[in-house]
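See below for work.txt, which holds compact mmCIF, C-alpha atoms and all ligand atoms.
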```txt
# COMPACT_ATOMS: atom_id res chain seq x y z
CA MET A 41 -19.92 -98.23 22.09
CA LYS A 42 -21.37 -101.64 22.65
CA LYS A 43 -23.36 -103.67 20.16
CA ILE A 44 -26.63 -104.85 21.73
CA LYS A 45 -28.06 -108.22 20.72
CA ARG A 46 -31.48 -107.94 22.30
CA LEU A 47 -33.21 -104.85 23.70
CA ASN A 48 -34.59 -104.81 27.23
CA SER A 49 -38.17 -103.74 26.61
CA THR A 50 -38.99 -102.70 30.18
CA ARG A 51 -36.01 -100.49 31.01
CA PRO A 52 -36.30 -96.75 30.21
CA ALA A 53 -33.74 -95.43 27.75
CA LEU A 54 -33.05 -92.42 25.58
CA TRP A 55 -33.76 -93.63 22.04
CA PHE A 56 -31.89 -92.65 18.87
CA PHE A 57 -33.89 -94.24 16.07
CA CYS A 58 -32.09 -93.46 12.82
CA GLN A 59 -33.74 -93.96 9.42
CA GLN A 60 -31.48 -93.12 6.47
CA ASP A 61 -30.11 -89.75 7.63
CA THR A 62 -33.04 -88.73 9.84
CA PHE A 63 -33.90 -89.25 13.52
CA TRP A 64 -37.20 -89.77 15.32
CA ILE A 65 -37.94 -86.52 17.17
CA LEU A 66 -41.10 -86.02 19.22
CA ASP A 67 -43.40 -83.02 18.81
CA ASN A 68 -41.86 -81.45 21.94
CA GLU A 69 -38.45 -81.36 20.16
CA GLN A 70 -37.09 -84.15 22.38
CA LEU A 71 -35.94 -87.70 21.80
CA PRO A 72 -38.21 -90.56 22.97
CA LYS A 73 -37.31 -91.29 26.60
CA GLN A 74 -39.22 -94.28 27.99
CA GLN A 75 -39.47 -98.07 27.92
CA LEU A 76 -39.36 -99.76 24.54
CA ASP A 77 -42.73 -101.40 25.34
CA SER A 78 -44.49 -98.06 25.55
CA LEU A 79 -42.99 -96.46 22.41
CA GLY A 80 -45.59 -97.99 20.09
CA LEU A 81 -42.98 -98.42 17.34
CA ILE A 82 -42.90 -101.54 15.22
CA PHE A 83 -39.56 -102.25 13.54
CA ASP A 84 -37.38 -105.13 12.40
CA PRO A 85 -35.71 -106.54 15.54
CA GLN A 86 -32.65 -107.40 13.44
CA ALA A 87 -31.82 -103.68 13.05
CA PRO A 88 -28.32 -102.97 14.46
CA LYS A 89 -28.46 -101.58 18.00
CA PHE A 90 -25.70 -99.87 19.97
CA LEU A 91 -25.26 -98.51 23.47
CA LEU A 92 -23.74 -95.06 22.88
CA GLY A 93 -23.24 -94.22 26.56
CA TYR A 94 -25.34 -92.69 29.32
CA HIS A 95 -27.11 -89.35 29.65
CA GLN A 96 -28.63 -88.37 33.01
CA SER A 97 -28.26 -92.04 34.08
CA LEU A 98 -30.30 -93.28 31.12
CA PRO A 99 -28.72 -95.58 28.54
CA CYS A 100 -28.54 -93.88 25.12
CA ILE A 101 -29.48 -96.52 22.56
CA LEU A 102 -28.99 -96.13 18.83
CA VAL A 103 -31.23 -98.29 16.64
CA ASP A 104 -30.12 -97.97 13.04
CA LEU A 105 -33.14 -98.74 10.86
CA GLN A 106 -31.07 -97.77 7.79
CA HIS A 107 -33.51 -97.97 4.85
CA GLN A 108 -36.48 -99.51 6.67
CA THR A 109 -39.50 -97.26 6.28
CA ILE A 110 -41.30 -97.04 9.61
CA ASP A 111 -44.52 -95.26 10.46
CA LEU A 112 -44.17 -93.22 13.62
CA PRO A 113 -46.83 -93.26 16.36
CA GLN A 114 -46.04 -89.59 17.05
CA GLY A 115 -43.48 -86.94 16.14
CA GLN A 116 -41.55 -87.06 12.88
CA TRP A 117 -38.37 -88.10 11.10
CA ARG A 118 -36.12 -85.04 11.03
CA GLY A 119 -32.81 -84.33 9.37
CA LEU A 120 -29.83 -83.66 11.61
CA ARG A 121 -29.11 -80.18 10.24
CA ASP A 122 -32.71 -79.13 10.79
CA ILE A 123 -32.68 -80.42 14.39
CA MET A 124 -29.33 -78.82 15.16
CA LEU A 125 -30.56 -75.43 13.98
CA SER A 126 -33.63 -75.51 16.19
CA SER A 127 -32.86 -77.53 19.32
CA ASP A 128 -30.74 -77.17 22.42
CA GLU A 129 -27.00 -77.79 22.49
CA ILE A 130 -27.14 -81.02 24.51
CA LEU A 131 -29.65 -82.66 22.16
CA SER A 132 -27.64 -81.47 19.15
CA ALA A 133 -24.41 -82.90 20.58
CA LEU A 134 -26.01 -86.27 21.40
CA LEU A 135 -27.56 -86.54 17.95
CA GLY A 136 -24.31 -85.54 16.29
CA ARG A 137 -22.53 -88.36 18.10
CA ALA A 138 -25.30 -90.87 17.31
CA TRP A 139 -25.18 -89.95 13.62
CA GLN A 140 -21.41 -90.30 13.42
CA VAL A 141 -21.56 -93.74 15.08
CA ALA A 142 -24.33 -94.89 12.68
CA ASN A 143 -22.41 -93.55 9.70
CA PHE A 144 -19.19 -95.20 10.91
CA VAL A 145 -20.79 -98.63 11.38
CA ARG A 146 -22.55 -98.47 8.00
CA THR A 147 -19.31 -97.63 6.18
CA HIS A 148 -17.10 -100.16 8.00
CA GLN A 149 -18.84 -103.45 7.28
CA PHE A 150 -15.76 -104.74 5.46
CA CYS A 151 -12.04 -104.37 6.00
CA GLY A 152 -10.26 -101.72 3.90
CA GLN A 153 -7.09 -103.80 4.05
CA CYS A 154 -8.17 -107.39 3.21
CA GLY A 155 -11.89 -107.14 2.36
CA GLN A 156 -13.14 -109.51 5.08
CA ARG A 157 -16.04 -108.72 7.39
CA MET A 158 -15.44 -106.25 10.27
CA MET A 159 -16.98 -106.43 13.74
CA THR A 160 -17.55 -103.59 16.16
CA ILE A 161 -15.57 -103.86 19.38
CA HIS A 162 -16.94 -103.13 22.79
CA TRP A 163 -14.42 -101.13 24.76
CA GLU A 164 -14.03 -98.22 22.35
CA VAL A 165 -15.72 -96.83 19.22
CA ALA A 166 -13.95 -98.96 16.64
CA ALA A 167 -14.37 -101.78 14.14
CA GLN A 168 -11.93 -104.65 13.82
CA CYS A 169 -11.30 -107.13 11.02
CA ARG A 170 -11.85 -110.76 12.03
CA SER A 171 -9.21 -111.89 9.57
CA CYS A 172 -6.20 -109.56 9.55
CA GLY A 173 -6.83 -107.62 12.78
CA HIS A 174 -6.93 -104.18 11.09
CA ARG A 175 -8.77 -101.77 13.36
CA ALA A 176 -10.63 -98.69 12.12
CA TYR A 177 -11.89 -95.70 14.10
CA PRO A 178 -14.51 -93.12 13.15
CA ARG A 179 -12.98 -90.57 10.83
CA ILE A 180 -12.83 -87.03 12.15
CA SER A 181 -11.82 -84.42 9.58
CA PRO A 182 -10.45 -81.18 11.05
CA ALA A 183 -11.36 -77.88 9.44
CA VAL A 184 -10.42 -74.40 10.61
CA ILE A 185 -12.81 -71.47 10.75
CA MET A 186 -11.46 -68.00 11.36
CA ALA A 187 -12.45 -64.43 12.04
CA VAL A 188 -10.06 -61.95 10.43
CA ILE A 189 -10.10 -58.58 12.18
CA LYS A 190 -9.04 -55.16 10.85
CA ASP A 191 -9.64 -51.94 12.83
CA GLY A 192 -12.67 -53.40 14.62
CA GLN A 193 -14.15 -54.73 11.38
CA ILE A 194 -14.60 -58.40 10.50
CA LEU A 195 -13.98 -60.08 7.17
CA LEU A 196 -17.11 -61.93 5.98
CA ALA A 197 -17.63 -63.74 2.72
CA LYS A 198 -20.43 -65.26 0.69
CA ASN A 199 -19.46 -68.80 -0.22
CA LYS A 200 -20.46 -70.43 -3.52
CA ARG A 201 -21.69 -73.51 -1.63
CA ASN A 202 -24.06 -71.58 0.65
CA LYS A 203 -27.52 -70.91 -0.58
CA GLY A 204 -29.14 -67.52 -0.04
CA GLU A 205 -27.49 -64.30 1.04
CA ILE A 206 -25.63 -65.51 4.12
CA TYR A 207 -22.18 -64.05 4.77
CA SER A 208 -19.87 -65.92 7.14
CA VAL A 209 -16.28 -66.15 8.30
CA LEU A 210 -13.82 -68.08 6.14
CA ALA A 211 -13.24 -71.80 6.67
CA GLY A 212 -11.24 -74.60 5.11
CA PHE A 213 -9.97 -78.14 5.54
CA VAL A 214 -6.64 -78.94 7.11
CA GLU A 215 -4.24 -80.53 4.61
CA VAL A 216 -1.88 -83.37 5.51
CA GLY A 217 1.28 -82.19 7.21
CA GLU A 218 -0.13 -78.78 8.14
CA THR A 219 -0.53 -77.22 11.59
CA LEU A 220 -3.93 -75.67 12.24
CA GLU A 221 -2.35 -72.20 12.34
CA GLN A 222 -0.73 -72.78 8.94
CA THR A 223 -4.13 -73.76 7.53
CA VAL A 224 -5.64 -70.49 8.81
CA ILE A 225 -2.90 -68.44 7.11
CA ARG A 226 -3.07 -70.43 3.85
CA GLU A 227 -6.87 -70.44 3.54
CA VAL A 228 -7.25 -66.69 4.16
CA LYS A 229 -4.51 -65.96 1.61
CA GLU A 230 -5.94 -68.36 -1.00
CA GLU A 231 -9.53 -67.21 -0.69
CA THR A 232 -9.10 -63.45 -0.21
CA ASN A 233 -5.43 -62.56 -0.90
CA ILE A 234 -5.09 -61.24 2.67
CA THR A 235 -2.09 -62.00 4.88
CA VAL A 236 -2.91 -62.47 8.57
CA LYS A 237 -0.86 -62.46 11.79
CA ASN A 238 -1.44 -63.20 15.52
CA VAL A 239 -3.41 -66.39 14.84
CA ARG A 240 -4.97 -67.45 18.16
CA TYR A 241 -7.31 -70.22 19.31
CA PHE A 242 -10.95 -69.40 20.00
CA GLY A 243 -12.84 -72.69 20.44
CA SER A 244 -14.11 -75.76 18.63
CA GLN A 245 -17.33 -77.44 17.60
CA PRO A 246 -18.03 -80.96 16.34
CA TRP A 247 -19.82 -80.65 12.99
CA PRO A 248 -21.25 -84.02 11.96
CA PHE A 249 -21.75 -83.29 8.22
CA PRO A 250 -20.49 -85.90 7.90
CA HIS A 251 -17.56 -86.00 10.35
CA ASN A 252 -15.82 -82.66 10.84
CA ILE A 253 -14.50 -80.82 13.83
CA MET A 254 -14.43 -77.07 13.32
CA VAL A 255 -11.48 -75.44 15.10
CA ALA A 256 -12.03 -71.70 15.40
CA TYR A 257 -9.37 -68.99 15.39
CA LEU A 258 -9.07 -65.23 15.57
CA ALA A 259 -6.47 -63.54 13.36
CA ASP A 260 -5.43 -59.94 12.65
CA TRP A 261 -5.13 -58.42 9.20
CA ASP A 262 -1.47 -57.82 8.33
CA SER A 263 -1.42 -56.80 4.67
CA GLY A 264 -3.24 -57.05 1.36
CA ASP A 265 -6.51 -55.95 -0.25
CA ILE A 266 -9.46 -58.28 -0.78
CA GLN A 267 -9.26 -60.25 -4.01
CA ILE A 268 -11.62 -63.21 -3.89
CA ASP A 269 -10.98 -66.66 -5.28
CA PRO A 270 -13.95 -67.01 -7.67
CA HIS A 271 -13.87 -70.82 -7.38
CA GLU A 272 -14.73 -70.55 -3.66
CA LEU A 273 -16.39 -67.18 -3.03
CA ILE A 274 -18.97 -64.91 -4.60
CA ALA A 275 -18.14 -61.86 -2.50
CA ALA A 276 -16.14 -60.75 0.56
CA ASP A 277 -15.92 -57.50 2.50
CA TRP A 278 -15.19 -55.87 5.86
CA PHE A 279 -18.20 -55.35 8.11
CA GLU A 280 -18.97 -53.47 11.32
CA ARG A 281 -21.64 -54.15 13.90
CA ASP A 282 -24.13 -51.69 12.37
CA ASN A 283 -23.78 -52.78 8.71
CA LEU A 284 -23.96 -56.57 9.06
CA PRO A 285 -25.39 -58.67 6.24
CA GLU A 286 -27.37 -61.86 6.93
CA ILE A 287 -25.14 -64.08 9.12
CA PRO A 288 -25.27 -67.72 10.36
CA GLY A 289 -27.60 -68.87 13.16
CA LYS A 290 -26.64 -68.73 16.82
CA HIS A 291 -25.85 -72.45 17.20
CA SER A 292 -22.83 -72.26 14.91
CA ILE A 293 -19.30 -71.44 16.02
CA ALA A 294 -19.18 -69.09 13.00
CA ARG A 295 -21.80 -66.95 14.71
CA GLN A 296 -19.98 -67.11 18.04
CA LEU A 297 -16.84 -65.80 16.33
CA ILE A 298 -18.75 -62.95 14.69
CA ASP A 299 -20.52 -62.01 17.94
CA HIS A 300 -17.23 -62.15 19.87
CA VAL A 301 -15.37 -59.86 17.45
CA LEU A 302 -18.16 -57.31 17.15
CA SER A 303 -18.91 -57.18 20.90
CA ASP A 304 -15.41 -55.87 21.75
ZN ZN A 401 -8.73 -107.34 7.24
```

Represent the structure contained in this file as structure tokens.
Amino acid sequence: MKKIKRLNSTRPALWFFCQQDTFWILDNEQLPKQQLDSLGLIFDPQAPKFLLGYHQSLPCILVDLQHQTIDLPQGQWRGLRDIMLSSDEILSALLGRAWQVANFVRTHQFCGQCGQRMMTIHWEVAAQCRSCGHRAYPRISPAVIMAVIKDGQILLAKNKRNKGEIYSVLAGFVEVGETLEQTVIREVKEETNITVKNVRYFGSQPWPFPHNIMVAYLADWDSGDIQIDPHELIAADWFERDNLPEIPGKHSIARQLIDHVLSD
């Protein structure tokens, strides 16, 4: 990540204009991809600007408008979650990275150790204190998400935090000092009273709300009947392919886990 002092207005780039927690998305569901001159956008030139990297040889430039209110010549300001549910994986991944960089820079203006001003450094995504040298990196919080399997059925639960009738696989944050496999075993036990075995890796997905990585596992039921933790869940049950409740959308790793288990 490199901080940019002045934008080159004649060179095409892929633009990540961020206003509060929304991004400028065109009507064709794409990011603006042209010269700054031809965007037709008027904004404060003092807004922080960063080179995020390159995509298809184009520089990816984040312009963090923060709380500036800007009228768009076309398209609209869209929330990250909304875009990630409806757009392709590459766009979602790029926007997730842009959001986490913007969020990191906004929350690391000052040193957590001595309180002096921080500056972003150029050769990696980090901020460094001018005074004491303390260096901070974007926080990434690991969470596990797991499909528990019993006789071809999958354990799905309705979480208190989720709106609507969606049932999903269980998930939880990794605690300090824990392996990911230990988190899987602990979370399933705490939330449903079920003991699992054969915990095995499935895949992972960055989840920028605000800075998680979801690490997905498969696990087999070993013992216990479902007894939900009422602080976390509203309901939980075993489901088969032909009696599924409403489940998460196809962009989520939760859905990939469910599809994987029920396609066997
Ligand atoms: Zn410091």

Find the residues near A:Gly80: any atom within 12 Å, counting all atoms listed in the file, skip ones fewer than 3 places away on the same chain, and give them as a PyMOL selection string.
chain A and resi 49+72+74-77+83+110-115

Please dump the current selection as a tab-separated table (two decimals), in the coordinates of the input; keep C-alpha atoms.
```
chain	number	residue	atom	x	y	z
A	49	SER	CA	-38.17	-103.74	26.61
A	72	PRO	CA	-38.21	-90.56	22.97
A	74	GLN	CA	-39.22	-94.28	27.99
A	75	GLN	CA	-39.47	-98.07	27.92
A	76	LEU	CA	-39.36	-99.76	24.54
A	77	ASP	CA	-42.73	-101.40	25.34
A	83	PHE	CA	-39.56	-102.25	13.54
A	110	ILE	CA	-41.30	-97.04	9.61
A	111	ASP	CA	-44.52	-95.26	10.46
A	112	LEU	CA	-44.17	-93.22	13.62
A	113	PRO	CA	-46.83	-93.26	16.36
A	114	GLN	CA	-46.04	-89.59	17.05
A	115	GLY	CA	-43.48	-86.94	16.14
```

Can you work out the spacing between atom CA of A:Phe57 and atom CA of A:Leu105 in Å, to one decimal?
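Here the two named atoms are 6.9 Å from each other.
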
Select the residues contacting ligand ZN 401 (chain A) at a distance of at most 12 Å, based on all atoms listed in the file, then format the selection as a PyMOL selection string.
chain A and resi 148-159+167-176

Proximity to A:Lys290 - best of A:Ile253, A:Leu102, A:Leu273, A:Leu125, only C-alpha atoms
A:Leu125

For each of A:Leu81, A:Ile65, A:Ala183, A:Ala259, take the minimum atom-to-atom distance to A:Phe242, counting all atoms listed in the file, then give the residue where this is smallest.
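Selected residue with least distance to A:Phe242: A:Ala259.
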
Would you be able to write out as a list in words which residues have an atom within 12 Å of (-1.5, -64.8, 5.0) in the file's coordinates, counting all atoms listed in the file?
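These residues have at least one counted atom within 12 Å: Val188, Glu221, Gln222, Thr223, Val224, Ile225, Arg226, Glu227, Val228, Lys229, Glu230, Glu231, Thr232, Asn233, Ile234, Thr235, Val236, Lys237, Asn238, Val239, Ala259, Asp260, Trp261, Asp262, Ser263, Gly264, Asp265 and Ile266 of chain A.
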
Which is closer to A:Gly212 than all the others in A:Met186, A:Val165, A:Ile123, A:Leu92, using all atoms listed in the file?
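Between A:Met186, A:Val165, A:Ile123, A:Leu92, the residue approaching A:Gly212 most closely is A:Met186.
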
Pick from A:Glu218, A:Glu164, A:Glu272, A:Asp84 nearest to A:Arg201, counting only C-alpha atoms
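Residue with the minimum atom-to-atom distance to A:Arg201: A:Glu272.
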
Please tell me which residues are no farther than 8 Å from (-19.9, -68.8, -4.9) in the file, counting all atoms listed in the file, and write them as a ChimeraX atom specification.
/A:198-202,270-275

Atom-to-atom span, atom CA of A:Pro288 and atom CA of A:Gln70, Å
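The value is 23.5 Å.
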
Report, in Å with one decimal, the straight-line distance from atom CA of A:Thr147 to atom CA of A:Ile161.
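Those two atoms sit 15.1 Å apart.
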
Quick one: of A:Gln296, A:Gln106, A:Ser181, A:Asn68, who's nearest to A:Trp247, counting all atoms listed in the file?
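Closest to A:Trp247 of all the choices is A:Ser181.
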
Please list as a VMD selection string every residue within 6 Å of A:Ser208, counting only C-alpha atoms and excluding residues in the same chain fewer than 4 positions away.
chain A and resid 196 to 197 287

Compare A:Val301, A:Asn283, A:Pro248, A:Ala166 by their minimum atom-to-atom distance to A:Ala187, counting all atoms listed in the file, and give me the closest one.
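Among the listed residues, the smallest separation from A:Ala187 belongs to A:Val301.
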